[in-house]
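> You'll find my_file.cif just under this line, and it carries mmCIF, C-alpha atoms.
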```cif
data_my_file
loop_
_atom_site.group_PDB
_atom_site.id
_atom_site.type_symbol
_atom_site.label_atom_id
_atom_site.label_comp_id
_atom_site.auth_asym_id
_atom_site.auth_seq_id
_atom_site.Cartn_x
_atom_site.Cartn_y
_atom_site.Cartn_z
ATOM 1 C CA MET A 1 -48.813 140.684 123.398
ATOM 2 C CA ILE A 2 -49.220 137.154 122.080
ATOM 3 C CA LEU A 3 -52.099 136.630 124.516
ATOM 4 C CA LEU A 4 -53.749 139.798 123.202
ATOM 5 C CA ILE A 5 -53.361 138.600 119.612
ATOM 6 C CA ALA A 6 -54.888 135.242 120.583
ATOM 7 C CA ALA A 7 -57.840 137.037 122.193
ATOM 8 C CA LEU A 8 -58.294 139.216 119.085
ATOM 9 C CA CYS A 9 -58.203 136.062 116.981
ATOM 10 C CA ALA A 10 -60.925 134.518 119.161
ATOM 11 C CA VAL A 11 -63.327 137.474 118.997
ATOM 12 C CA THR A 12 -62.746 137.856 115.265
ATOM 13 C CA ILE A 13 -63.352 134.230 114.406
ATOM 14 C CA ILE A 14 -66.501 133.914 116.531
ATOM 15 C CA THR A 15 -68.464 136.344 114.364
ATOM 16 C CA ARG A 16 -67.188 134.667 111.207
ATOM 17 C CA ILE A 17 -68.009 131.061 112.056
ATOM 18 C CA LEU A 18 -71.263 131.572 113.965
ATOM 19 C CA PRO A 19 -73.377 131.553 110.768
ATOM 20 C CA ALA A 20 -71.962 128.127 109.852
ATOM 21 C CA PHE A 21 -73.780 126.716 112.887
ATOM 22 C CA ILE A 22 -77.039 128.482 112.104
ATOM 23 C CA VAL A 23 -77.495 128.136 108.332
ATOM 24 C CA GLY A 24 -79.212 124.955 107.215
ATOM 25 C CA LYS A 25 -80.797 124.272 110.598
ATOM 26 C CA PHE A 26 -84.125 125.606 109.389
ATOM 27 C CA SER A 27 -85.492 126.980 106.140
ATOM 28 C CA LEU A 28 -85.624 130.730 105.717
ATOM 29 C CA PRO A 29 -88.682 132.760 104.741
ATOM 30 C CA GLU A 30 -88.595 134.279 101.272
ATOM 31 C CA TRP A 31 -88.183 137.884 102.385
ATOM 32 C CA ILE A 32 -85.011 136.954 104.307
ATOM 33 C CA ILE A 33 -83.580 135.510 101.092
ATOM 34 C CA THR A 34 -84.414 138.714 99.206
ATOM 35 C CA TYR A 35 -82.830 140.582 102.105
ATOM 36 C CA LEU A 36 -79.657 138.476 101.905
ATOM 37 C CA ASN A 37 -79.420 139.201 98.192
ATOM 38 C CA TYR A 38 -79.265 142.933 98.867
ATOM 39 C CA ILE A 39 -76.634 142.627 101.600
ATOM 40 C CA PRO A 40 -73.565 142.517 99.283
ATOM 41 C CA TYR A 41 -74.548 145.700 97.438
ATOM 42 C CA ALA A 42 -75.489 147.559 100.594
ATOM 43 C CA ALA A 43 -72.133 146.436 102.026
ATOM 44 C CA LEU A 44 -70.203 147.632 98.968
ATOM 45 C CA GLY A 45 -71.811 151.064 99.201
ATOM 46 C CA VAL A 46 -71.023 151.263 102.918
ATOM 47 C CA LEU A 47 -67.424 150.155 102.365
ATOM 48 C CA ILE A 48 -66.863 152.647 99.524
ATOM 49 C CA PHE A 49 -68.259 155.773 101.146
ATOM 50 C CA PRO A 50 -67.189 157.757 103.122
ATOM 51 C CA GLY A 51 -63.996 155.670 103.436
ATOM 52 C CA ILE A 52 -62.838 156.668 99.960
ATOM 53 C CA LEU A 53 -62.447 160.253 101.182
ATOM 54 C CA THR A 54 -59.636 159.163 103.501
ATOM 55 C CA ALA A 55 -58.130 156.547 101.166
ATOM 56 C CA VAL A 56 -55.309 158.790 99.976
ATOM 57 C CA GLU A 57 -53.783 162.088 101.063
ATOM 58 C CA GLN A 58 -56.658 164.342 100.038
ATOM 59 C CA PRO A 59 -60.375 163.512 99.697
ATOM 60 C CA VAL A 60 -60.407 164.898 96.147
ATOM 61 C CA TYR A 61 -57.701 162.411 95.020
ATOM 62 C CA GLY A 62 -59.759 159.570 96.464
ATOM 63 C CA VAL A 63 -62.844 160.779 94.590
ATOM 64 C CA PHE A 64 -60.896 161.112 91.312
ATOM 65 C CA GLY A 65 -59.439 157.631 91.807
ATOM 66 C CA GLY A 66 -62.950 156.337 92.431
ATOM 67 C CA ILE A 67 -64.323 157.998 89.296
ATOM 68 C CA PHE A 68 -61.453 156.530 87.279
ATOM 69 C CA ALA A 69 -62.285 153.065 88.666
ATOM 70 C CA VAL A 70 -65.950 153.568 87.717
ATOM 71 C CA ILE A 71 -64.959 154.486 84.141
ATOM 72 C CA LEU A 72 -62.722 151.407 83.826
ATOM 73 C CA ALA A 73 -65.486 149.198 85.246
ATOM 74 C CA VAL A 74 -68.074 150.635 82.849
ATOM 75 C CA LEU A 75 -65.643 149.875 79.992
ATOM 76 C CA ARG A 76 -65.591 146.237 81.221
ATOM 77 C CA VAL A 77 -61.894 146.247 82.090
ATOM 78 C CA PRO A 78 -61.022 143.087 84.120
ATOM 79 C CA LEU A 79 -61.115 143.464 87.918
ATOM 80 C CA PHE A 80 -57.387 143.054 88.431
ATOM 81 C CA PHE A 81 -56.510 145.849 85.969
ATOM 82 C CA ILE A 82 -59.092 148.189 87.481
ATOM 83 C CA VAL A 83 -57.274 147.908 90.801
ATOM 84 C CA LEU A 84 -53.838 148.281 89.234
ATOM 85 C CA GLY A 85 -54.937 151.099 86.887
ATOM 86 C CA SER A 86 -56.481 153.082 89.746
ATOM 87 C CA ILE A 87 -53.274 152.880 91.796
ATOM 88 C CA ILE A 88 -51.245 154.146 88.814
ATOM 89 C CA PHE A 89 -53.806 156.880 88.097
ATOM 90 C CA VAL A 90 -53.766 158.150 91.696
ATOM 91 C CA TYR A 91 -49.964 157.974 91.753
ATOM 92 C CA ILE A 92 -49.825 160.168 88.622
ATOM 93 C CA ILE A 93 -52.340 162.789 89.819
ATOM 94 C CA MET A 94 -50.534 163.051 93.161
ATOM 95 C CA LEU A 95 -47.196 163.869 91.493
ATOM 96 C CA MET B 1 -57.788 134.837 89.461
ATOM 97 C CA ASP B 2 -60.269 136.256 91.972
ATOM 98 C CA GLY B 3 -57.867 135.405 94.772
ATOM 99 C CA MET B 4 -55.061 137.232 92.962
ATOM 100 C CA THR B 5 -57.296 140.266 92.479
ATOM 101 C CA ILE B 6 -58.143 140.441 96.180
ATOM 102 C CA GLY B 7 -54.481 139.793 96.936
ATOM 103 C CA MET B 8 -53.445 142.767 94.785
ATOM 104 C CA GLY B 9 -55.956 144.874 96.666
ATOM 105 C CA TYR B 10 -54.528 143.631 99.972
ATOM 106 C CA LEU B 11 -50.907 144.110 98.943
ATOM 107 C CA PRO B 12 -50.612 147.843 99.637
ATOM 108 C CA VAL B 13 -52.757 147.624 102.750
ATOM 109 C CA ALA B 14 -50.748 144.708 104.136
ATOM 110 C CA VAL B 15 -47.461 146.484 103.385
ATOM 111 C CA ALA B 16 -48.792 149.590 105.129
ATOM 112 C CA PHE B 17 -49.741 147.435 108.114
ATOM 113 C CA GLY B 18 -46.234 145.977 108.278
ATOM 114 C CA ILE B 19 -44.710 149.452 108.187
ATOM 115 C CA THR B 20 -47.085 150.802 110.860
ATOM 116 C CA ALA B 21 -46.483 147.803 113.116
ATOM 117 C CA LYS B 22 -42.696 148.039 113.046
ATOM 118 C CA PRO B 23 -42.213 150.548 115.881
ATOM 119 C CA LEU B 24 -44.784 148.741 118.056
ATOM 120 C CA LEU B 25 -44.456 145.003 117.526
ATOM 121 C CA SER B 26 -41.768 142.424 116.858
ATOM 122 C CA PHE B 27 -41.597 140.822 113.423
ATOM 123 C CA PHE B 28 -43.050 137.601 114.817
ATOM 124 C CA GLU B 29 -45.960 139.422 116.486
ATOM 125 C CA THR B 30 -46.740 141.367 113.313
ATOM 126 C CA VAL B 31 -46.934 138.247 111.159
ATOM 127 C CA LEU B 32 -48.797 136.381 113.891
ATOM 128 C CA MET B 33 -51.436 139.110 114.043
ATOM 129 C CA SER B 34 -52.018 138.987 110.273
ATOM 130 C CA PHE B 35 -52.023 135.191 110.441
ATOM 131 C CA MET B 36 -54.492 134.922 113.318
ATOM 132 C CA VAL B 37 -56.693 138.012 113.197
ATOM 133 C CA TYR B 38 -56.792 138.495 109.395
ATOM 134 C CA GLY B 39 -58.743 141.743 109.368
ATOM 135 C CA GLY B 40 -57.209 144.871 107.876
ATOM 136 C CA ALA B 41 -59.172 147.611 109.593
ATOM 137 C CA SER B 42 -59.205 145.840 112.953
ATOM 138 C CA GLN B 43 -55.436 145.259 112.912
ATOM 139 C CA PHE B 44 -54.809 148.947 112.266
ATOM 140 C CA LEU B 45 -57.262 149.781 115.037
ATOM 141 C CA ALA B 46 -55.415 147.473 117.435
ATOM 142 C CA LEU B 47 -52.089 149.163 116.593
ATOM 143 C CA GLN B 48 -53.629 152.575 117.055
ATOM 144 C CA MET B 49 -55.074 151.672 120.459
ATOM 145 C CA LEU B 50 -51.991 149.807 121.659
ATOM 146 C CA THR B 51 -50.280 152.841 123.129
ATOM 147 C CA SER B 52 -53.377 154.452 124.633
ATOM 148 C CA SER B 53 -55.844 151.733 125.640
ATOM 149 C CA GLY B 54 -56.033 148.604 127.741
ATOM 150 C CA ALA B 55 -56.250 145.094 126.317
ATOM 151 C CA LEU B 56 -59.948 144.739 127.109
ATOM 152 C CA ALA B 57 -60.840 147.946 125.265
ATOM 153 C CA ILE B 58 -58.885 146.763 122.224
ATOM 154 C CA ILE B 59 -60.599 143.370 122.268
ATOM 155 C CA ILE B 60 -64.071 144.928 122.514
ATOM 156 C CA ALA B 61 -63.329 147.461 119.756
ATOM 157 C CA VAL B 62 -62.038 144.750 117.408
ATOM 158 C CA PHE B 63 -65.051 142.570 118.193
ATOM 159 C CA ILE B 64 -67.472 145.387 117.354
ATOM 160 C CA LEU B 65 -65.606 146.357 114.205
ATOM 161 C CA ASN B 66 -65.459 142.767 112.934
ATOM 162 C CA SER B 67 -69.033 141.877 113.836
ATOM 163 C CA ARG B 68 -69.947 142.976 110.285
ATOM 164 C CA HIS B 69 -68.407 139.696 109.121
ATOM 165 C CA PHE B 70 -71.311 137.883 110.750
ATOM 166 C CA VAL B 71 -73.665 139.275 108.124
ATOM 167 C CA MET B 72 -71.220 138.477 105.326
ATOM 168 C CA ALA B 73 -70.400 134.977 106.586
ATOM 169 C CA PHE B 74 -74.133 134.354 106.833
ATOM 170 C CA LYS B 75 -74.556 135.035 103.128
ATOM 171 C CA VAL B 76 -71.524 132.866 102.246
ATOM 172 C CA ASN B 77 -72.934 130.012 104.317
ATOM 173 C CA TYR B 78 -76.309 130.429 102.719
ATOM 174 C CA ASP B 79 -74.875 130.298 99.196
ATOM 175 C CA LEU B 80 -72.944 127.154 100.148
ATOM 176 C CA LYS B 81 -75.628 125.508 102.236
ATOM 177 C CA HIS B 82 -75.304 122.345 100.121
ATOM 178 C CA GLU B 83 -71.701 121.914 101.347
ATOM 179 C CA SER B 84 -70.823 120.041 104.547
ATOM 180 C CA PHE B 85 -70.687 121.810 107.903
ATOM 181 C CA LEU B 86 -66.925 121.341 108.190
ATOM 182 C CA LYS B 87 -66.266 122.867 104.770
ATOM 183 C CA ARG B 88 -68.495 125.824 105.572
ATOM 184 C CA LEU B 89 -66.724 126.207 108.912
ATOM 185 C CA ILE B 90 -63.320 126.384 107.210
ATOM 186 C CA LEU B 91 -64.495 128.929 104.623
ATOM 187 C CA SER B 92 -66.279 131.038 107.219
ATOM 188 C CA SER B 93 -63.067 131.694 109.108
ATOM 189 C CA TYR B 94 -61.591 133.349 105.985
ATOM 190 C CA VAL B 95 -64.498 135.724 105.333
ATOM 191 C CA THR B 96 -63.393 139.336 104.933
ATOM 192 C CA ASP B 97 -65.014 142.380 103.312
ATOM 193 C CA GLU B 98 -63.155 141.666 100.093
ATOM 194 C CA SER B 99 -63.381 137.877 99.920
ATOM 195 C CA PHE B 100 -67.087 138.202 100.654
ATOM 196 C CA ALA B 101 -67.647 140.934 98.076
ATOM 197 C CA VAL B 102 -65.884 139.028 95.285
ATOM 198 C CA THR B 103 -67.687 135.737 95.876
ATOM 199 C CA ALA B 104 -71.092 137.331 96.531
ATOM 200 C CA ASN B 105 -71.194 138.230 92.827
ATOM 201 C CA ASN B 106 -70.566 134.624 91.785
ATOM 202 C CA ASP B 107 -73.048 132.727 89.663
ATOM 203 C CA GLU B 108 -74.888 129.732 91.073
ATOM 204 C CA ASP B 109 -72.568 127.222 89.368
ATOM 205 C CA GLN B 110 -69.516 128.773 91.027
ATOM 206 C CA HIS B 111 -70.875 128.071 94.511
ATOM 207 C CA THR B 112 -68.454 125.259 95.285
ATOM 208 C CA PHE B 113 -66.115 124.677 98.202
ATOM 209 C CA THR B 114 -63.019 124.424 95.987
ATOM 210 C CA ASN B 115 -63.803 127.658 94.177
ATOM 211 C CA TYR B 116 -64.277 129.590 97.406
ATOM 212 C CA PHE B 117 -61.349 127.959 99.160
ATOM 213 C CA VAL B 118 -58.858 128.785 96.389
ATOM 214 C CA THR B 119 -60.009 132.418 96.277
ATOM 215 C CA PHE B 120 -60.055 132.839 100.061
ATOM 216 C CA PHE B 121 -56.743 131.094 100.627
ATOM 217 C CA ILE B 122 -54.779 133.005 97.970
ATOM 218 C CA ALA B 123 -56.105 136.280 99.394
ATOM 219 C CA TYR B 124 -55.145 135.162 102.921
ATOM 220 C CA THR B 125 -51.632 134.206 101.790
ATOM 221 C CA PHE B 126 -51.150 137.636 100.207
ATOM 222 C CA TRP B 127 -52.268 139.328 103.401
ATOM 223 C CA VAL B 128 -49.888 137.431 105.672
ATOM 224 C CA ALA B 129 -46.949 137.479 103.232
ATOM 225 C CA PHE B 130 -47.137 141.192 102.454
ATOM 226 C CA SER B 131 -47.542 142.149 106.117
ATOM 227 C CA ALA B 132 -44.125 140.516 106.529
ATOM 228 C CA VAL B 133 -42.774 142.257 103.413
ATOM 229 C CA GLY B 134 -44.019 145.624 104.673
ATOM 230 C CA TYR B 135 -42.337 145.104 108.029
ATOM 231 C CA LEU B 136 -39.025 144.130 106.459
ATOM 232 C CA ALA B 137 -38.859 146.284 103.338
ATOM 233 C CA GLY B 138 -41.186 149.216 103.963
ATOM 234 C CA GLU B 139 -38.357 151.687 104.387
ATOM 235 C CA TRP B 140 -37.112 151.188 100.852
ATOM 236 C CA MET B 141 -40.451 151.571 99.100
ATOM 237 C CA SER B 142 -41.346 154.847 97.400
ATOM 238 C CA GLU B 143 -43.639 156.853 99.624
ATOM 239 C CA GLY B 144 -45.695 157.931 96.611
ATOM 240 C CA VAL B 145 -46.492 154.350 95.650
ATOM 241 C CA ILE B 146 -47.501 153.467 99.207
ATOM 242 C CA LEU B 147 -49.804 156.491 99.428
ATOM 243 C CA ALA B 148 -51.350 155.904 95.996
ATOM 244 C CA SER B 149 -52.015 152.284 96.963
ATOM 245 C CA GLY B 150 -54.590 153.495 99.454
ATOM 246 C CA ILE B 151 -57.060 153.592 96.572
ATOM 247 C CA ALA B 152 -56.666 149.849 95.821
ATOM 248 C CA LEU B 153 -59.433 148.446 98.020
ATOM 249 C CA TYR B 154 -61.882 151.132 96.953
ATOM 250 C CA ALA B 155 -61.144 150.451 93.280
ATOM 251 C CA LEU B 156 -61.844 146.789 94.021
ATOM 252 C CA PHE B 157 -65.179 147.557 95.694
ATOM 253 C CA ILE B 158 -66.205 149.812 92.801
ATOM 254 C CA ALA B 159 -65.150 147.195 90.271
ATOM 255 C CA LEU B 160 -67.414 144.711 92.065
ATOM 256 C CA LEU B 161 -70.385 147.052 92.274
ATOM 257 C CA ILE B 162 -70.569 148.271 88.665
ATOM 258 C CA PRO B 163 -71.329 144.878 87.017
ATOM 259 C CA ALA B 164 -74.229 144.378 89.452
ATOM 260 C CA VAL B 165 -75.628 147.815 88.614
ATOM 261 C CA ARG B 166 -75.412 146.843 84.960
ATOM 262 C CA VAL B 167 -77.649 143.828 85.717
ATOM 263 C CA HIS B 168 -80.202 145.965 87.567
ATOM 264 C CA TYR B 169 -80.131 149.561 88.735
ATOM 265 C CA LYS B 170 -81.791 148.572 92.023
ATOM 266 C CA TYR B 171 -78.434 147.303 93.306
ATOM 267 C CA GLY B 172 -76.941 150.727 92.635
ATOM 268 C CA ILE B 173 -79.741 152.393 94.584
ATOM 269 C CA VAL B 174 -79.204 150.077 97.551
ATOM 270 C CA ALA B 175 -75.444 150.792 97.408
ATOM 271 C CA VAL B 176 -76.042 154.553 97.404
ATOM 272 C CA LEU B 177 -78.488 154.140 100.312
ATOM 273 C CA GLY B 178 -75.705 152.272 102.134
ATOM 274 C CA MET B 179 -73.309 155.144 101.490
ATOM 275 C CA LEU B 180 -75.783 157.716 102.800
ATOM 276 C CA MET B 181 -76.624 155.634 105.885
ATOM 277 C CA HIS B 182 -72.948 155.157 106.665
ATOM 278 C CA TYR B 183 -72.236 158.842 106.158
ATOM 279 C CA VAL B 184 -75.083 159.873 108.464
ATOM 280 C CA LEU B 185 -74.174 157.311 111.151
ATOM 281 C CA ASN B 186 -70.570 158.524 111.016
ATOM 282 C CA ILE B 187 -71.643 162.080 111.779
ATOM 283 C CA ILE B 188 -73.579 161.057 114.890
ATOM 284 C CA PRO B 189 -71.123 161.223 117.796
ATOM 285 C CA PHE B 190 -70.406 158.168 119.990
ATOM 286 C CA VAL B 191 -71.547 155.621 117.406
ATOM 287 C CA PRO B 192 -68.619 153.133 117.208
ATOM 288 C CA SER B 193 -67.476 152.726 113.596
ATOM 289 C CA GLY B 194 -68.136 148.975 113.670
ATOM 290 C CA ILE B 195 -71.745 149.543 114.714
ATOM 291 C CA ALA B 196 -72.135 152.237 112.050
ATOM 292 C CA ILE B 197 -70.963 149.804 109.338
ATOM 293 C CA VAL B 198 -73.254 146.960 110.426
ATOM 294 C CA ALA B 199 -76.272 149.210 110.960
ATOM 295 C CA ALA B 200 -75.787 150.947 107.595
ATOM 296 C CA ILE B 201 -75.555 147.612 105.735
ATOM 297 C CA LEU B 202 -78.627 146.155 107.438
ATOM 298 C CA LEU B 203 -80.710 149.324 106.994
ATOM 299 C CA ALA B 204 -79.801 149.852 103.338
ATOM 300 C CA ALA B 205 -80.551 146.216 102.456
ATOM 301 C CA LEU B 206 -83.837 146.465 104.369
ATOM 302 C CA LEU B 207 -84.801 149.566 102.396
ATOM 303 C CA GLY B 208 -84.020 147.561 99.257
ATOM 304 C CA VAL B 209 -86.498 144.871 100.325
ATOM 305 C CA ILE B 210 -89.119 147.496 101.194
ATOM 306 C CA LEU B 211 -88.691 149.298 97.852
ATOM 307 C CA GLU B 212 -88.994 145.954 96.061
ATOM 308 C CA ARG B 213 -92.174 145.152 98.011
ATOM 309 C CA LEU B 214 -93.612 148.539 97.092
ATOM 310 C CA GLU B 215 -92.799 147.671 93.460
ATOM 311 C CA VAL B 216 -90.658 150.747 93.008
ATOM 312 C CA PHE B 217 -88.179 148.691 90.959
ATOM 313 C CA ASN B 218 -89.409 147.516 87.576
#
```
Just give me the structure as structure tokens.


Amino acid sequence: MILLIAALCAVTIITRILPAFIVGKFSLPEWIITYLNYIPYAALGVLIFPGILTAVEQPVYGVFGGIFAVILAVLRVPLFFIVLGSIIFVYIIML
Amino acid sequence: MDGMTIGMGYLPVAVAFGITAKPLLSFFETVLMSFMVYGGASQFLALQMLTSSGALAIIIAVFILNSRHFVMAFKVNYDLKHESFLKRLILSSYVTDESFAVTANNDEDQHTFTNYFVTFFIAYTFWVAFSAVGYLAGEWMSEGVILASGIALYALFIALLIPAVRVHYKYGIVAVLGMLMHYVLNIIPFVPSGIAIVAAILLAALLGVILERLEVFN
């Protein structure tokens, strides 16, 4: 088991540290930089959906929780309280 | 503060991991896995496969699932390209979906090693500590709270996305494209979920570049 965990550690860390060896070796063309700038937002979209449908017991609760988080974010509530508030909200609607 | 926020997002997930691991692993193995692998989805996947699959299959599946961190670590390294190789190497090994997403929104002046390290390390500590807590105390926690906590990471991702959309709607469009791509790739059978995630991110960002080139965004 410990050997398996060590192997999982190895394959996980390889993909994380590889870019450290590449970046800075050569300068990147401008379109790559534009591309890199879009990566976080594309990633957020991908991470949110469709995963949110299986976040809690029923897809509809996940969607409601998500909408509540959107409302809090639009109202400029600090990050930490958006997370906490959404947990409480979902807890209440699941009662 | 950012580290605490990610940590709060991790808390329920880490506790859930500890609870799930209990029938399968020893306490030491559970904490060791969180300590060494540090990847929520991949740790759950490993647990899930443990009873049905061989070690090699688990290793390959985890590798594919976590290969998305390459793209994220690339961006982190690019933002910190003025820092030394060793510092970037240390930070890279702590890149996760959440630590990446929080720091990717940082302003230029926040691109320092210390800033990133504090955020990444606090998040990492939460992950390892609450995996242990989940293993030890999971039985006594209210089931409702544990279930409701499933929303935490998604609330975090949404909270990170909205401010960017406020800056420019084009980021919202790229995010929605990412959602659609991921949804479509998920429907296609035999596409491993790790591949679907990476492909959806790369395609959606590429569409963003193309739309910008076509001057669709004003």

> Would you kindly report the residues of chain B within 7 Å of chain A, using all atoms listed in the file, as number ranges by chain?

B: 5, 9, 29, 33, 36-37, 55, 59, 62-63, 66-67, 69-70, 73-75, 77-78, 81, 85, 88-89, 92-93, 95, 101, 104, 144-145, 147-152, 154-159, 161-162, 171, 174-176, 178-179, 182-183, 197, 200-201, 204-206, 208-209

> Output C-alpha atoms for every residue in that selection, as a compact mmCIF listing (two decimals), keeping the file's coordinate frame.


```
# COMPACT_ATOMS: atom_id res chain seq x y z
CA THR B 5 -57.30 140.27 92.48
CA GLY B 9 -55.96 144.87 96.67
CA GLU B 29 -45.96 139.42 116.49
CA MET B 33 -51.44 139.11 114.04
CA MET B 36 -54.49 134.92 113.32
CA VAL B 37 -56.69 138.01 113.20
CA ALA B 55 -56.25 145.09 126.32
CA ILE B 59 -60.60 143.37 122.27
CA VAL B 62 -62.04 144.75 117.41
CA PHE B 63 -65.05 142.57 118.19
CA ASN B 66 -65.46 142.77 112.93
CA SER B 67 -69.03 141.88 113.84
CA HIS B 69 -68.41 139.70 109.12
CA PHE B 70 -71.31 137.88 110.75
CA ALA B 73 -70.40 134.98 106.59
CA PHE B 74 -74.13 134.35 106.83
CA LYS B 75 -74.56 135.04 103.13
CA ASN B 77 -72.93 130.01 104.32
CA TYR B 78 -76.31 130.43 102.72
CA LYS B 81 -75.63 125.51 102.24
CA PHE B 85 -70.69 121.81 107.90
CA ARG B 88 -68.50 125.82 105.57
CA LEU B 89 -66.72 126.21 108.91
CA SER B 92 -66.28 131.04 107.22
CA SER B 93 -63.07 131.69 109.11
CA VAL B 95 -64.50 135.72 105.33
CA ALA B 101 -67.65 140.93 98.08
CA ALA B 104 -71.09 137.33 96.53
CA GLY B 144 -45.70 157.93 96.61
CA VAL B 145 -46.49 154.35 95.65
CA LEU B 147 -49.80 156.49 99.43
CA ALA B 148 -51.35 155.90 96.00
CA SER B 149 -52.02 152.28 96.96
CA GLY B 150 -54.59 153.50 99.45
CA ILE B 151 -57.06 153.59 96.57
CA ALA B 152 -56.67 149.85 95.82
CA TYR B 154 -61.88 151.13 96.95
CA ALA B 155 -61.14 150.45 93.28
CA LEU B 156 -61.84 146.79 94.02
CA PHE B 157 -65.18 147.56 95.69
CA ILE B 158 -66.20 149.81 92.80
CA ALA B 159 -65.15 147.20 90.27
CA LEU B 161 -70.39 147.05 92.27
CA ILE B 162 -70.57 148.27 88.66
CA TYR B 171 -78.43 147.30 93.31
CA VAL B 174 -79.20 150.08 97.55
CA ALA B 175 -75.44 150.79 97.41
CA VAL B 176 -76.04 154.55 97.40
CA GLY B 178 -75.70 152.27 102.13
CA MET B 179 -73.31 155.14 101.49
CA HIS B 182 -72.95 155.16 106.66
CA TYR B 183 -72.24 158.84 106.16
CA ILE B 197 -70.96 149.80 109.34
CA ALA B 200 -75.79 150.95 107.60
CA ILE B 201 -75.56 147.61 105.74
CA ALA B 204 -79.80 149.85 103.34
CA ALA B 205 -80.55 146.22 102.46
CA LEU B 206 -83.84 146.46 104.37
CA GLY B 208 -84.02 147.56 99.26
CA VAL B 209 -86.50 144.87 100.32
```

> Please return, as a compact mmCIF listing (two decimals) with C-alpha atoms, keeping the file's coordinate frame, all polymer residues that have at least one atom within 10 Å of the point (-44.3, 139.2, 105.8); use all atoms listed in the file and the file's own coordinate frame.


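As written to disk, result.txt reads:
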```
# COMPACT_ATOMS: atom_id res chain seq x y z
CA ALA B 14 -50.75 144.71 104.14
CA VAL B 15 -47.46 146.48 103.38
CA GLY B 18 -46.23 145.98 108.28
CA PHE B 27 -41.60 140.82 113.42
CA PHE B 28 -43.05 137.60 114.82
CA THR B 30 -46.74 141.37 113.31
CA VAL B 31 -46.93 138.25 111.16
CA LEU B 32 -48.80 136.38 113.89
CA SER B 34 -52.02 138.99 110.27
CA PHE B 35 -52.02 135.19 110.44
CA THR B 125 -51.63 134.21 101.79
CA PHE B 126 -51.15 137.64 100.21
CA TRP B 127 -52.27 139.33 103.40
CA VAL B 128 -49.89 137.43 105.67
CA ALA B 129 -46.95 137.48 103.23
CA PHE B 130 -47.14 141.19 102.45
CA SER B 131 -47.54 142.15 106.12
CA ALA B 132 -44.12 140.52 106.53
CA VAL B 133 -42.77 142.26 103.41
CA GLY B 134 -44.02 145.62 104.67
CA TYR B 135 -42.34 145.10 108.03
CA LEU B 136 -39.02 144.13 106.46
CA ALA B 137 -38.86 146.28 103.34
```

> Just to confirm, what's the straight-line distance from CA of Pro23 (chain B) to CA of Leu45 (chain B) in Å (one decimal)?

15.1 Å

> At what distance in Å, to one decimal, does CA of Glu98 (chain B) lie from CA of Leu153 (chain B)?

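So the answer is 8.0 Å.
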
> Could you jot down the CA of Ser27 (chain A) to CA of Ile195 (chain B) separation for me, Å, one decimal place?

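That distance, rounded to one decimal, is 27.8 Å.
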
> Any idea what's packed within 10 Å of Tyr116 (chain B), counting only C-alpha atoms, ignoring anything in its chain fewer than 6 positions away? Could you give it as a PyMOL selection string?

chain B and resi 2-3+76+80+88+91+94+99-100+102-103+106+110

> Residues within 9 Å of (-53.1, 146.3, 114.4), file coordinates, counting all atoms listed in the file: what are they? Give the list as a count of residues only.

18
